[in-house]
file model.cif (mmCIF, C-alpha atoms and all ligand atoms)
data_coords
#
loop_
_atom_site.label_atom_id
_atom_site.label_comp_id
_atom_site.auth_asym_id
_atom_site.auth_seq_id
_atom_site.Cartn_x
_atom_site.Cartn_y
_atom_site.Cartn_z
CA MET C 13 -31.71 22.02 -37.93
CA ASN C 14 -31.33 20.63 -34.48
CA ASN C 15 -31.36 23.61 -32.14
CA THR C 16 -31.44 21.55 -29.01
CA SER C 17 -28.25 19.65 -29.70
CA LEU C 18 -26.36 22.81 -30.58
CA PHE C 19 -27.50 24.33 -27.33
CA MET C 20 -26.58 21.17 -25.42
CA LEU C 21 -23.15 21.25 -27.00
CA VAL C 22 -22.66 24.79 -25.79
CA ALA C 23 -24.16 24.12 -22.38
CA CYS C 24 -22.09 20.99 -21.74
CA CYS C 25 -18.87 22.80 -22.53
CA LEU C 26 -19.77 25.64 -20.22
CA ALA C 27 -19.79 23.34 -17.25
CA ILE C 28 -16.33 21.86 -17.72
CA TRP C 29 -14.09 24.70 -18.79
CA PRO C 30 -12.17 27.14 -16.60
CA ALA C 31 -13.29 30.74 -16.16
CA VAL C 32 -12.10 33.47 -18.51
CA VAL C 33 -11.62 36.19 -15.93
CA SER C 34 -8.41 35.97 -14.01
CA ALA C 35 -8.69 36.08 -10.24
CA ALA C 36 -6.11 38.87 -9.95
CA PRO C 37 -6.37 41.32 -12.85
CA ARG C 38 -3.07 42.77 -14.03
CA PRO C 39 -4.06 46.14 -15.50
CA ARG C 40 -1.76 47.30 -18.27
CA PRO C 41 0.21 50.48 -17.87
CA ALA C 42 -1.25 53.25 -19.97
CA SER C 43 0.70 53.88 -23.16
CA GLU C 44 0.09 56.31 -25.95
CA CYS C 45 -1.26 55.36 -29.35
CA ARG C 46 0.73 57.25 -31.96
CA ASN C 47 0.29 56.61 -35.70
CA PRO C 48 -2.38 53.89 -35.44
CA PRO C 49 -2.24 51.53 -38.42
CA GLN C 50 -5.26 51.75 -40.67
CA ARG C 51 -7.10 48.53 -41.34
CA LEU C 52 -8.27 48.02 -44.91
CA GLU C 53 -10.58 45.64 -46.72
CA TRP C 54 -8.37 42.96 -48.32
CA ARG C 55 -9.23 44.21 -51.80
CA GLN C 56 -8.34 47.81 -50.93
CA MET C 57 -4.76 46.74 -50.28
CA SER C 58 -2.09 46.91 -52.97
CA GLU C 59 -0.48 43.68 -54.14
CA PRO C 60 2.76 44.38 -52.22
CA GLU C 61 0.69 45.07 -49.07
CA GLN C 62 -1.20 41.81 -49.49
CA ASN C 63 2.03 39.94 -50.08
CA SER C 64 3.66 41.38 -46.97
CA TYR C 65 0.63 40.40 -44.89
CA ILE C 66 0.72 36.78 -46.09
CA ASP C 67 4.49 36.65 -45.53
CA ALA C 68 4.02 37.93 -41.98
CA VAL C 69 1.37 35.28 -41.21
CA LEU C 70 3.74 32.58 -42.47
CA CYS C 71 6.49 34.18 -40.36
CA LEU C 72 4.31 33.80 -37.24
CA THR C 73 4.04 30.08 -38.00
CA MET C 74 7.84 29.89 -37.97
CA THR C 75 8.28 31.82 -34.71
CA GLU C 76 8.39 29.93 -31.44
CA SER C 77 5.34 29.85 -29.15
CA ILE C 78 5.27 31.94 -25.97
CA SER C 79 1.85 30.93 -24.63
CA GLY C 80 3.07 27.99 -22.56
CA ILE C 81 0.02 26.07 -23.77
CA ALA C 82 0.74 22.43 -24.54
CA ARG C 83 0.67 21.61 -28.28
CA ALA C 84 0.93 25.27 -29.31
CA ILE C 85 4.19 25.15 -31.26
CA ASN C 86 4.41 28.58 -32.86
CA ARG C 87 3.09 32.14 -32.49
CA PHE C 88 0.23 31.49 -34.90
CA ASP C 89 -0.85 28.51 -32.78
CA ASP C 90 -0.68 30.65 -29.63
CA HIS C 91 -3.65 32.78 -30.69
CA GLN C 92 -5.68 29.74 -31.71
CA ALA C 93 -4.88 27.97 -28.44
CA VAL C 94 -5.88 30.92 -26.23
CA HIS C 95 -9.18 31.17 -28.13
CA SER C 96 -9.69 27.44 -27.81
CA LEU C 97 -9.15 27.36 -24.04
CA GLN C 98 -11.49 30.29 -23.43
CA THR C 99 -14.20 29.31 -25.94
CA PRO C 100 -16.91 28.42 -23.40
CA ASN C 101 -16.60 31.83 -21.70
CA ILE C 102 -16.33 34.24 -24.62
CA HIS C 103 -19.37 33.49 -26.78
CA TRP C 104 -22.98 34.59 -26.11
CA VAL C 105 -21.66 36.93 -23.44
CA GLY C 106 -21.57 40.72 -23.23
CA HIS C 107 -17.80 40.77 -23.80
CA PHE C 108 -17.89 38.49 -26.90
CA ILE C 109 -17.07 41.17 -29.45
CA LEU C 110 -14.58 43.03 -27.24
CA TRP C 111 -12.68 39.85 -26.32
CA HIS C 112 -12.38 39.03 -30.02
CA ARG C 113 -11.36 42.64 -30.72
CA TYR C 114 -8.51 42.12 -28.25
CA LEU C 115 -7.46 38.81 -29.81
CA VAL C 116 -7.36 40.24 -33.35
CA ALA C 117 -5.44 43.32 -32.16
CA THR C 118 -2.93 41.14 -30.33
CA TYR C 119 -2.43 39.06 -33.47
CA GLU C 120 -2.00 42.27 -35.50
CA LYS C 121 0.60 43.48 -32.98
CA ALA C 122 2.53 40.21 -33.27
CA LEU C 123 2.52 40.47 -37.08
CA ARG C 124 3.88 44.02 -36.84
CA GLU C 125 6.35 43.70 -33.99
CA GLU C 126 7.64 40.18 -34.57
CA CYS C 127 7.27 39.71 -38.32
CA GLY C 128 7.95 43.13 -39.79
CA TYR C 129 4.45 43.75 -41.13
CA LYS C 130 3.83 47.47 -41.55
CA GLY C 131 0.10 47.72 -42.17
CA GLY C 132 -3.12 47.18 -40.24
CA GLN C 133 -4.94 43.88 -39.90
CA PRO C 134 -7.00 43.47 -43.08
CA TYR C 135 -10.68 42.56 -42.99
CA TRP C 136 -12.99 40.77 -45.42
CA ASP C 137 -16.31 42.54 -45.94
CA TRP C 138 -18.30 39.46 -46.97
CA SER C 139 -21.51 41.49 -47.23
CA LEU C 140 -20.10 42.75 -50.54
CA ASP C 141 -20.08 39.17 -51.85
CA ALA C 142 -23.19 37.51 -50.44
CA ARG C 143 -26.10 36.87 -52.79
CA PRO C 144 -29.12 36.60 -50.51
CA ASP C 145 -31.46 36.14 -53.50
CA ASP C 146 -29.41 33.29 -54.94
CA PRO C 147 -28.77 31.01 -51.95
CA THR C 148 -27.08 28.17 -53.82
CA SER C 149 -24.66 30.42 -55.71
CA MET C 150 -20.98 29.49 -55.38
CA ALA C 151 -20.04 32.70 -57.19
CA SER C 152 -20.31 34.57 -53.90
CA PHE C 153 -17.04 33.08 -52.63
CA PRO C 154 -14.77 35.78 -54.07
CA VAL C 155 -11.60 34.70 -55.88
CA ASP C 156 -9.95 38.02 -55.03
CA VAL C 157 -10.00 36.90 -51.38
CA LEU C 158 -10.27 33.11 -51.57
CA GLY C 159 -8.10 32.82 -54.64
CA PRO C 160 -5.61 30.17 -55.71
CA GLY C 161 -2.51 32.42 -55.91
CA LYS C 162 0.39 32.07 -53.49
CA TYR C 163 -0.60 35.39 -51.92
CA SER C 164 -4.30 34.70 -51.51
CA PHE C 165 -6.23 32.72 -48.90
CA GLY C 166 -7.07 29.70 -51.06
CA GLY C 167 -10.45 28.23 -51.83
CA ASN C 168 -12.68 25.33 -50.87
CA GLY C 169 -11.42 22.03 -49.48
CA ASP C 170 -11.49 18.68 -51.25
CA PRO C 171 -15.01 17.21 -51.30
CA VAL C 172 -15.60 14.93 -48.32
CA VAL C 173 -18.97 13.64 -47.10
CA PRO C 174 -19.23 13.95 -43.32
CA THR C 175 -20.40 11.00 -41.28
CA PRO C 176 -23.42 11.50 -38.98
CA VAL C 177 -21.02 11.50 -36.01
CA GLN C 178 -19.02 14.31 -37.60
CA ASN C 179 -22.21 16.24 -38.33
CA PRO C 180 -24.31 16.07 -35.16
CA LEU C 181 -26.12 19.31 -36.01
CA ASN C 182 -27.07 17.92 -39.43
CA LEU C 183 -25.88 20.95 -41.35
CA THR C 184 -26.68 20.30 -45.00
CA GLY C 185 -25.32 21.78 -48.23
CA GLY C 186 -21.57 21.41 -47.63
CA THR C 187 -19.47 21.40 -50.81
CA GLY C 188 -15.96 20.73 -49.45
CA GLY C 189 -14.65 19.44 -46.16
CA GLY C 190 -11.11 18.32 -46.95
CA CYS C 191 -7.72 19.98 -47.36
CA VAL C 192 -7.31 23.34 -49.08
CA ARG C 193 -4.97 22.72 -52.03
CA ASP C 194 -4.41 26.24 -53.33
CA GLY C 195 -3.54 29.70 -52.04
CA ALA C 196 -0.92 30.59 -49.46
CA PHE C 197 -1.79 27.99 -46.84
CA THR C 198 -1.36 24.68 -48.64
CA PRO C 199 -0.17 21.60 -46.71
CA ASP C 200 3.44 22.07 -47.86
CA ARG C 201 3.58 25.55 -46.30
CA PHE C 202 1.06 25.58 -43.48
CA VAL C 203 -0.07 23.13 -40.80
CA VAL C 204 -2.81 23.40 -38.19
CA ASN C 205 -0.96 22.18 -35.09
CA TYR C 206 -3.41 22.87 -32.32
CA GLY C 207 -6.85 21.34 -31.69
CA PRO C 208 -8.40 17.91 -32.13
CA ASP C 209 -7.78 17.74 -35.87
CA PRO C 210 -4.13 18.64 -36.55
CA GLY C 211 -2.99 18.60 -40.16
CA CYS C 212 -3.98 20.54 -43.23
CA LEU C 213 -6.19 23.63 -43.29
CA LYS C 214 -9.74 22.55 -44.20
CA ARG C 215 -12.68 24.41 -45.72
CA ASP C 216 -16.22 23.36 -46.41
CA PHE C 217 -18.13 26.09 -48.24
CA VAL C 218 -21.88 26.06 -47.53
CA PRO C 219 -23.40 28.48 -50.05
CA TRP C 220 -26.88 28.74 -48.50
CA ILE C 221 -25.39 29.70 -45.13
CA PHE C 222 -22.94 32.19 -46.59
CA ASN C 223 -25.47 33.84 -48.90
CA SER C 224 -28.09 34.27 -46.19
CA PHE C 225 -25.86 34.97 -43.15
CA ALA C 226 -23.64 37.59 -44.85
CA ASP C 227 -26.68 39.55 -46.06
CA PRO C 228 -26.02 43.33 -45.98
CA LYS C 229 -29.50 43.75 -44.42
CA LEU C 230 -28.24 41.94 -41.32
CA VAL C 231 -25.28 44.31 -41.08
CA GLN C 232 -27.69 47.25 -41.27
CA GLU C 233 -29.89 45.68 -38.60
CA LEU C 234 -26.84 45.58 -36.34
CA LEU C 235 -25.83 49.17 -37.10
CA ASP C 236 -29.37 50.25 -36.15
CA GLN C 237 -29.16 48.84 -32.60
CA PRO C 238 -29.76 51.53 -29.98
CA ASP C 239 -27.30 50.42 -27.29
CA TYR C 240 -24.34 48.12 -26.60
CA THR C 241 -26.44 45.42 -24.93
CA SER C 242 -28.71 45.02 -27.94
CA PHE C 243 -25.73 45.27 -30.31
CA ALA C 244 -23.92 42.50 -28.45
CA ARG C 245 -26.96 40.25 -28.53
CA THR C 246 -27.75 40.92 -32.20
CA ILE C 247 -24.24 40.18 -33.46
CA GLU C 248 -24.46 36.57 -32.22
CA LYS C 249 -28.24 36.03 -32.05
CA VAL C 250 -28.92 32.38 -31.16
CA PRO C 251 -26.90 29.19 -31.73
CA THR C 252 -29.01 27.77 -34.52
CA PHE C 253 -28.75 27.59 -38.29
CA ASP C 254 -32.41 28.60 -38.61
CA THR C 255 -31.74 32.24 -37.71
CA PRO C 256 -29.14 33.93 -39.90
CA ASN C 257 -26.46 35.81 -38.00
CA ILE C 258 -23.45 37.57 -39.45
CA HIS C 259 -20.98 35.99 -37.03
CA GLY C 260 -21.95 32.61 -38.45
CA SER C 261 -21.39 33.70 -42.06
CA GLY C 262 -17.63 33.29 -41.98
CA HIS C 263 -17.65 30.40 -39.56
CA PHE C 264 -20.26 28.13 -41.13
CA GLY C 265 -20.46 29.61 -44.64
CA VAL C 266 -16.72 29.00 -45.11
CA GLY C 267 -16.04 26.29 -42.51
CA GLY C 268 -19.27 24.29 -42.69
CA VAL C 269 -19.15 20.93 -40.94
CA LEU C 270 -15.58 19.80 -41.49
CA GLY C 271 -13.70 23.02 -42.18
CA THR C 272 -11.36 24.70 -39.70
CA MET C 273 -13.50 27.87 -39.55
CA GLY C 274 -16.57 25.85 -38.55
CA ASN C 275 -14.95 24.56 -35.36
CA ALA C 276 -16.11 26.70 -32.43
CA GLU C 277 -12.92 26.31 -30.42
CA ASN C 278 -10.30 26.14 -33.13
CA SER C 279 -11.56 28.41 -35.91
CA PRO C 280 -8.49 30.71 -35.48
CA GLY C 281 -6.53 27.83 -37.03
CA ASP C 282 -7.66 29.28 -40.38
CA PRO C 283 -5.81 32.54 -41.15
CA LEU C 284 -9.07 33.79 -42.65
CA PHE C 285 -10.52 33.93 -39.10
CA TYR C 286 -8.70 37.22 -38.53
CA LEU C 287 -10.20 38.80 -41.66
CA HIS C 288 -13.67 37.60 -40.68
CA HIS C 289 -13.40 38.87 -37.11
CA GLY C 290 -11.70 42.00 -38.42
CA ASN C 291 -14.88 42.74 -40.30
CA LEU C 292 -17.10 42.11 -37.28
CA ASP C 293 -14.84 44.47 -35.36
CA ARG C 294 -15.10 47.09 -38.07
CA ILE C 295 -18.89 46.90 -37.82
CA LEU C 296 -18.63 47.51 -34.06
CA TRP C 297 -16.26 50.44 -34.74
CA THR C 298 -18.66 51.87 -37.35
CA TRP C 299 -21.55 51.58 -34.90
CA GLN C 300 -19.48 53.31 -32.21
CA GLN C 301 -18.64 56.21 -34.54
CA GLN C 302 -22.33 57.14 -34.71
CA ASP C 303 -22.25 58.33 -31.05
CA LEU C 304 -18.73 58.17 -29.65
CA GLU C 305 -19.50 59.89 -26.38
CA THR C 306 -21.94 57.18 -25.37
CA ARG C 307 -20.46 54.24 -27.20
CA LEU C 308 -16.94 54.54 -25.81
CA ASN C 309 -18.47 54.29 -22.35
CA GLN C 310 -21.15 51.65 -22.52
CA VAL C 311 -21.16 47.87 -22.22
CA GLY C 312 -23.72 45.27 -21.20
CA GLY C 313 -24.84 41.73 -21.73
CA PRO C 314 -24.32 38.65 -19.63
CA VAL C 315 -21.15 37.59 -17.82
CA LEU C 316 -22.15 33.96 -18.30
CA PRO C 317 -23.14 32.61 -21.73
CA MET C 318 -26.79 33.23 -22.60
CA ASP C 319 -27.55 34.18 -19.00
CA TYR C 320 -29.70 37.09 -20.15
CA GLY C 321 -31.47 37.49 -16.81
CA GLY C 322 -28.27 37.28 -14.79
CA GLN C 323 -25.27 39.43 -13.97
CA ASN C 324 -24.13 41.89 -16.66
CA VAL C 325 -20.60 42.91 -17.61
CA THR C 326 -19.49 46.40 -16.59
CA LEU C 327 -16.82 48.80 -17.87
CA ASP C 328 -14.27 47.47 -15.38
CA PHE C 329 -14.91 43.82 -16.23
CA THR C 330 -11.50 42.37 -17.06
CA VAL C 331 -10.54 39.90 -19.77
CA GLY C 332 -7.21 38.30 -20.56
CA LEU C 333 -5.30 36.45 -23.25
CA GLY C 334 -3.01 34.48 -20.95
CA GLU C 335 0.65 35.04 -21.75
CA LEU C 336 -0.08 36.81 -25.04
CA ALA C 337 -1.00 40.21 -23.58
CA GLY C 338 -1.82 41.91 -20.29
CA ASP C 339 -5.33 41.86 -18.92
CA ALA C 340 -7.61 44.63 -20.14
CA THR C 341 -10.87 46.17 -18.97
CA LEU C 342 -13.81 46.42 -21.35
CA LYS C 343 -13.55 50.22 -21.03
CA GLN C 344 -10.01 50.01 -22.48
CA LEU C 345 -11.18 47.74 -25.28
CA LEU C 346 -14.04 50.01 -26.33
CA ASP C 347 -11.50 52.52 -27.68
CA THR C 348 -9.33 51.24 -30.55
CA GLN C 349 -6.82 54.00 -29.74
CA SER C 350 -6.80 53.68 -25.94
CA GLY C 351 -3.13 52.73 -25.86
CA VAL C 352 -3.99 49.16 -24.92
CA LEU C 353 -5.28 49.06 -28.51
CA CYS C 354 -3.88 51.15 -31.32
CA TYR C 355 -5.47 50.94 -34.75
CA THR C 356 -8.17 52.56 -36.83
CA TYR C 357 -10.33 51.90 -39.89
CU CU C 401 -14.65 33.03 -30.97
#
call {"tool": "encode", "arguments": {"input": "model.cif", "output": "C-alpha cells", "more": "lines below"}}
Ligand SMILES: [Cu+2]
result
Amino acid sequence: MNNTSLFMLVACCLAIWPAVVSAAPRPRPASECRNPPQRLEWRQMSEPEQNSYIDAVLCLTMTESISGIARAINRFDDHQAVHSLQTPNIHWVGHFILWHRYLVATYEKALREECGYKGGQPYWDWSLDARPDDPTSMASFPVDVLGPGKYSFGGNGDPVVPTPVQNPLNLTGGTGGGCVRDGAFTPDRFVVNYGPDPGCLKRDFVPWIFNSFADPKLVQELLDQPDYTSFARTIEKVPTFDTPNIHGSGHFGVGGVLGTMGNAENSPGDPLFYLHHGNLDRILWTWQQQDLETRLNQVGGPVLPMDYGGQNVTLDFTVGLGELAGDATLKQLLDTQSGVLCYTY
C-alpha cells in the first residue's frame, strides 16, 4: 500500500480547512441526566426496536436541516456535513474519539427528540463477525446486520471496478463499489445528498481488511492501554492499510474504495457509520469502566493531527458541532452521563 500518498492526502487537507475549535466557546448549561437510554448491540434489540430505529433514521432524512450548511438538506445530512467540514481537525488528534462520541450522541438525541425513537443508539460489534484466520471470507459480513430486509442495513454494492484515479491508495480486494440495492436504504427510500458523490448509498466490502482490522485481539490490545493518551493513539494507529486498526474495519472493510463508509469526510452518509462509531465508543466506555476515577478525568494526545511532539489537548479543550449542539469540553464528554451526554451501555 502507498503510505506516503495517504499521508499526503491527510497533510494537504490539514492545511486548507478551518479550525475545529471555536474562538469563543459557548459552554452548555449543566443539565441532569435522568433515565439514560441503554445502547445495545444491533442483534440484542428486538425486532420492533430495530424497526423503530430504522424508521427514526428515515424520519431524520425527511426532517428539514438546521445546520445552515450549504447542500445539507435534511437532519441526517446535517450530521454528515458537520463531520465533513471538520474532518481535517478531528482525526489523529487527542480528541478524535470524544468528538465522535459527541457526534453520535447528538445524532441519537435527534432520533429520540425529533423522530420519536425511544431507545439508545445501537452499535455493531464487528469483532464478533471478523474471521482473522480466513481473510478472504465473505461470510464475516453478517446478514443479521447487513441483511436485505426492509428493516436491516442492506449489503454490498453492485460490483464496480475503480479507476486508478478513484483508487489513489491502490487498495485491492474490493468486491462491490456501486449502489446498495437491498435493506432499508435503497435508492427509492434514501439518498446521500451531501458530499462530492451525491446519489445512492454505496458499499464496497473488502474482506481482507474487515477480517484483519476487526480482529478481537486488536480490541483487547486497546482495552489494555494504560492511559488515555495511549488509548487515543492506539484506536487510530497510523493512516496505512499495512497496519490493522479497528477504526478502519468499518470504514474500509465495508466502504472500501468506492463505498460511502470509505470516504474520510463523508462516511456519516452511510447510516451504518453510527453503529460502527457506536461500537468504538462502547470500547472507550468499557475501557473507562476499568478505572472510572482516573478515566473520567484524563485526556491527552495532540491538538493538531499527528503532531505527537506538539501541544496536547487538556480537559478544558472545547469542541463543537456547529449549529447541531452547544460546545462541550473534553471533561464533559468523558462522562456519558454528564448531562451534556446522557446514555449508557
Ligand atoms: Cu470521523
call {"tool": "closest_atom_pairs", "arguments": {"input": "model.cif", "of": "chain C", "to": "ligand CU 401 (chain C)", "cutoff": "10 Å", "atoms": "all atoms listed in the file", "output": "tab-separated table"}}
result
residue	atom	partner	partner_atom	distance
C:Gln92	CA	C:CU401	CU	9.6
C:His95	CA	C:CU401	CU	6.4
C:Ser96	CA	C:CU401	CU	8.1
C:Gln98	CA	C:CU401	CU	8.6
C:Thr99	CA	C:CU401	CU	6.3
C:Pro100	CA	C:CU401	CU	9.1
C:Asn101	CA	C:CU401	CU	9.5
C:Ile102	CA	C:CU401	CU	6.7
C:His103	CA	C:CU401	CU	6.3
C:Trp104	CA	C:CU401	CU	9.8
C:Phe108	CA	C:CU401	CU	7.5
C:Ile109	CA	C:CU401	CU	8.6
C:Trp111	CA	C:CU401	CU	8.5
C:His112	CA	C:CU401	CU	6.5
C:Leu115	CA	C:CU401	CU	9.3
C:His259	CA	C:CU401	CU	9.2
C:His263	CA	C:CU401	CU	9.5
C:Asn275	CA	C:CU401	CU	9.5
C:Ala276	CA	C:CU401	CU	6.7
C:Glu277	CA	C:CU401	CU	7.0
C:Asn278	CA	C:CU401	CU	8.4
C:Ser279	CA	C:CU401	CU	7.4
C:Pro280	CA	C:CU401	CU	8.0
C:Phe285	CA	C:CU401	CU	9.2
C:His289	CA	C:CU401	CU	8.6
call {"tool": "write_last_selection", "arguments": {"input": "model.cif", "atoms": "C-alpha atoms", "output": "compact mmCIF listing (two decimals), keeping the file's coordinate frame"}}
result
# COMPACT_ATOMS: atom_id res chain seq x y z
CA GLN C 92 -5.68 29.74 -31.71
CA HIS C 95 -9.18 31.17 -28.13
CA SER C 96 -9.69 27.44 -27.81
CA GLN C 98 -11.49 30.29 -23.43
CA THR C 99 -14.20 29.31 -25.94
CA PRO C 100 -16.91 28.42 -23.40
CA ASN C 101 -16.60 31.83 -21.70
CA ILE C 102 -16.33 34.24 -24.62
CA HIS C 103 -19.37 33.49 -26.78
CA TRP C 104 -22.98 34.59 -26.11
CA PHE C 108 -17.89 38.49 -26.90
CA ILE C 109 -17.07 41.17 -29.45
CA TRP C 111 -12.68 39.85 -26.32
CA HIS C 112 -12.38 39.03 -30.02
CA LEU C 115 -7.46 38.81 -29.81
CA HIS C 259 -20.98 35.99 -37.03
CA HIS C 263 -17.65 30.40 -39.56
CA ASN C 275 -14.95 24.56 -35.36
CA ALA C 276 -16.11 26.70 -32.43
CA GLU C 277 -12.92 26.31 -30.42
CA ASN C 278 -10.30 26.14 -33.13
CA SER C 279 -11.56 28.41 -35.91
CA PRO C 280 -8.49 30.71 -35.48
CA PHE C 285 -10.52 33.93 -39.10
CA HIS C 289 -13.40 38.87 -37.11
call {"tool": "closest_residue", "arguments": {"input": "model.cif", "among": "C:Ser164, C:Gln302, C:Asn205, C:Asn257", "to": "C:Gly281", "atoms": "all atoms listed in the file"}}
result
C:Asn205
call {"tool": "residues_around", "arguments": {"input": "model.cif", "residues": "C:Val204", "least_positions_apart": "5", "cutoff": "9 Å", "atoms": "only C-alpha atoms", "output": "list in words"}}
result
Asp89, Asp209, Pro210, Gly211, Cys212, Leu213, Thr272, Gly281 and Asp282 of chain C
call {"tool": "write_last_selection", "arguments": {"input": "model.cif", "atoms": "C-alpha atoms", "output": "PDB file, in the frame of the given file"}}
result
ATOM      1  CA  ASP C  89      -0.850  28.510 -32.780  1.00  0.00           C
ATOM      2  CA  ASP C 209      -7.780  17.740 -35.870  1.00  0.00           C
ATOM      3  CA  PRO C 210      -4.130  18.640 -36.550  1.00  0.00           C
ATOM      4  CA  GLY C 211      -2.990  18.600 -40.160  1.00  0.00           C
ATOM      5  CA  CYS C 212      -3.980  20.540 -43.230  1.00  0.00           C
ATOM      6  CA  LEU C 213      -6.190  23.630 -43.290  1.00  0.00           C
ATOM      7  CA  THR C 272     -11.360  24.700 -39.700  1.00  0.00           C
ATOM      8  CA  GLY C 281      -6.530  27.830 -37.030  1.00  0.00           C
ATOM      9  CA  ASP C 282      -7.660  29.280 -40.380  1.00  0.00           C
TER      10      ASP C 282
END
call {"tool": "residues_near_point", "arguments": {"input": "model.cif", "point": "(-11.0, 27.7, -50.4)", "cutoff": "9 Å", "atoms": "only C-alpha atoms", "output": "ChimeraX atom specification"}}
result
/C:153,155,158-160,165-169,188,191-195,214-217,266
call {"tool": "closest_residue", "arguments": {"input": "model.cif", "among": "C:Trp297, C:Phe253, C:Tyr286, C:Tyr206", "to": "C:Ala84", "atoms": "only C-alpha atoms"}}
result
C:Tyr206
call {"tool": "atom_distance", "arguments": {"input": "model.cif", "atom1": "atom CA of C:Pro256", "atom2": "atom CA of C:Asn223"}}
result
9.7 Å
call {"tool": "closest_residue", "arguments": {"input": "model.cif", "among": "C:Asp67, C:Glu120, C:Glu59, C:Glu53", "to": "C:Ala196", "atoms": "only C-alpha atoms"}}
result
C:Asp67
call {"tool": "atom_distance", "arguments": {"input": "model.cif", "atom1": "atom CA of C:Pro49", "atom2": "atom CA of C:Tyr355"}}
result
4.9 Å
call {"tool": "atom_distance", "arguments": {"input": "model.cif", "atom1": "atom CA of C:Gly80", "atom2": "atom CA of C:Arg113"}}
result
22.1 Å
call {"tool": "closest_residue", "arguments": {"input": "model.cif", "among": "C:Tyr129, C:Val250, C:Trp220, C:Gly271", "to": "C:Ser152", "atoms": "all atoms listed in the file"}}
result
C:Trp220
call {"tool": "residues_around", "arguments": {"input": "model.cif", "residues": "C:Leu336", "least_positions_apart": "6", "cutoff": "8 Å", "atoms": "all atoms listed in the file", "output": "PyMOL selection string"}}
result
chain C and resi 78-79+90-91+118
call {"tool": "closest_residue", "arguments": {"input": "model.cif", "among": "C:Trp54, C:Phe329, C:Tyr114, C:Tyr135", "to": "C:Asp347", "atoms": "all atoms listed in the file"}}
result
C:Tyr114
call {"tool": "closest_residue", "arguments": {"input": "model.cif", "among": "C:Glu125, C:Pro208, C:Pro199, C:Ile66", "to": "C:Gly161", "atoms": "all atoms listed in the file"}}
result
C:Ile66
call {"tool": "residues_around", "arguments": {"input": "model.cif", "residues": "C:Pro134", "least_positions_apart": "5", "cutoff": "10 Å", "atoms": "all atoms listed in the file", "output": "list of chain:residue names"}}
result
C:Gln50, C:Arg51, C:Leu52, C:Glu53, C:Trp54, C:Arg55, C:Gln56, C:Met57, C:Glu61, C:Gln62, C:Tyr65, C:Glu120, C:Leu284, C:Tyr286, C:Leu287, C:His288, C:His289, C:Gly290, C:Asn291, C:Tyr357
call {"tool": "residues_around", "arguments": {"input": "model.cif", "residues": "C:Thr75", "least_positions_apart": "5", "cutoff": "9 Å", "atoms": "all atoms listed in the file", "output": "list in words"}}
result
Ile85, Asn86, Arg87, Phe88, Glu126 and Cys127 of chain C
call {"tool": "write_last_selection", "arguments": {"input": "model.cif", "atoms": "C-alpha atoms", "output": "mmCIF file, in the coordinates of the input"}}
result
data_model
loop_
_atom_site.group_PDB
_atom_site.id
_atom_site.type_symbol
_atom_site.label_atom_id
_atom_site.label_comp_id
_atom_site.auth_asym_id
_atom_site.auth_seq_id
_atom_site.Cartn_x
_atom_site.Cartn_y
_atom_site.Cartn_z
ATOM 1 C CA ILE C 85 4.190 25.150 -31.260
ATOM 2 C CA ASN C 86 4.410 28.580 -32.860
ATOM 3 C CA ARG C 87 3.090 32.140 -32.490
ATOM 4 C CA PHE C 88 0.230 31.490 -34.900
ATOM 5 C CA GLU C 126 7.640 40.180 -34.570
ATOM 6 C CA CYS C 127 7.270 39.710 -38.320
#
call {"tool": "build_atoms", "arguments": {"input": "model.cif", "residues": "stretch 105-116 of chain C", "atoms": "N, CA and C atoms", "output": "JSON list (two decimals), keeping the file's coordinate frame"}}
result
[["chain", "number", "residue", "atom", "x", "y", "z"],
["C", 105, "VAL", "N", -21.85, 36.12, -24.64],
["C", 105, "VAL", "CA", -21.66, 36.93, -23.44],
["C", 105, "VAL", "C", -21.53, 38.38, -23.88],
["C", 106, "GLY", "N", -21.66, 39.30, -22.91],
["C", 106, "GLY", "CA", -21.57, 40.72, -23.23],
["C", 106, "GLY", "C", -20.22, 41.12, -23.79],
["C", 107, "HIS", "N", -19.16, 40.42, -23.38],
["C", 107, "HIS", "CA", -17.80, 40.77, -23.80],
["C", 107, "HIS", "C", -17.36, 40.02, -25.05],
["C", 108, "PHE", "N", -18.26, 39.27, -25.70],
["C", 108, "PHE", "CA", -17.89, 38.49, -26.90],
["C", 108, "PHE", "C", -17.09, 39.33, -27.91],
["C", 109, "ILE", "N", -17.69, 40.43, -28.34],
["C", 109, "ILE", "CA", -17.07, 41.17, -29.45],
["C", 109, "ILE", "C", -15.81, 41.90, -28.99],
["C", 110, "LEU", "N", -15.78, 42.32, -27.73],
["C", 110, "LEU", "CA", -14.58, 43.03, -27.24],
["C", 110, "LEU", "C", -13.44, 42.06, -26.94],
["C", 111, "TRP", "N", -13.73, 40.87, -26.50],
["C", 111, "TRP", "CA", -12.68, 39.85, -26.32],
["C", 111, "TRP", "C", -12.06, 39.53, -27.68],
["C", 112, "HIS", "N", -12.90, 39.34, -28.69],
["C", 112, "HIS", "CA", -12.38, 39.03, -30.02],
["C", 112, "HIS", "C", -11.64, 40.22, -30.63],
["C", 113, "ARG", "N", -12.10, 41.44, -30.31],
["C", 113, "ARG", "CA", -11.36, 42.64, -30.72],
["C", 113, "ARG", "C", -9.93, 42.57, -30.16],
["C", 114, "TYR", "N", -9.82, 42.17, -28.91],
["C", 114, "TYR", "CA", -8.51, 42.12, -28.25],
["C", 114, "TYR", "C", -7.63, 41.03, -28.89],
["C", 115, "LEU", "N", -8.24, 39.90, -29.18],
["C", 115, "LEU", "CA", -7.46, 38.81, -29.81],
["C", 115, "LEU", "C", -6.92, 39.24, -31.18],
["C", 116, "VAL", "N", -7.78, 39.83, -32.00],
["C", 116, "VAL", "CA", -7.36, 40.24, -33.35],
["C", 116, "VAL", "C", -6.27, 41.32, -33.25]]
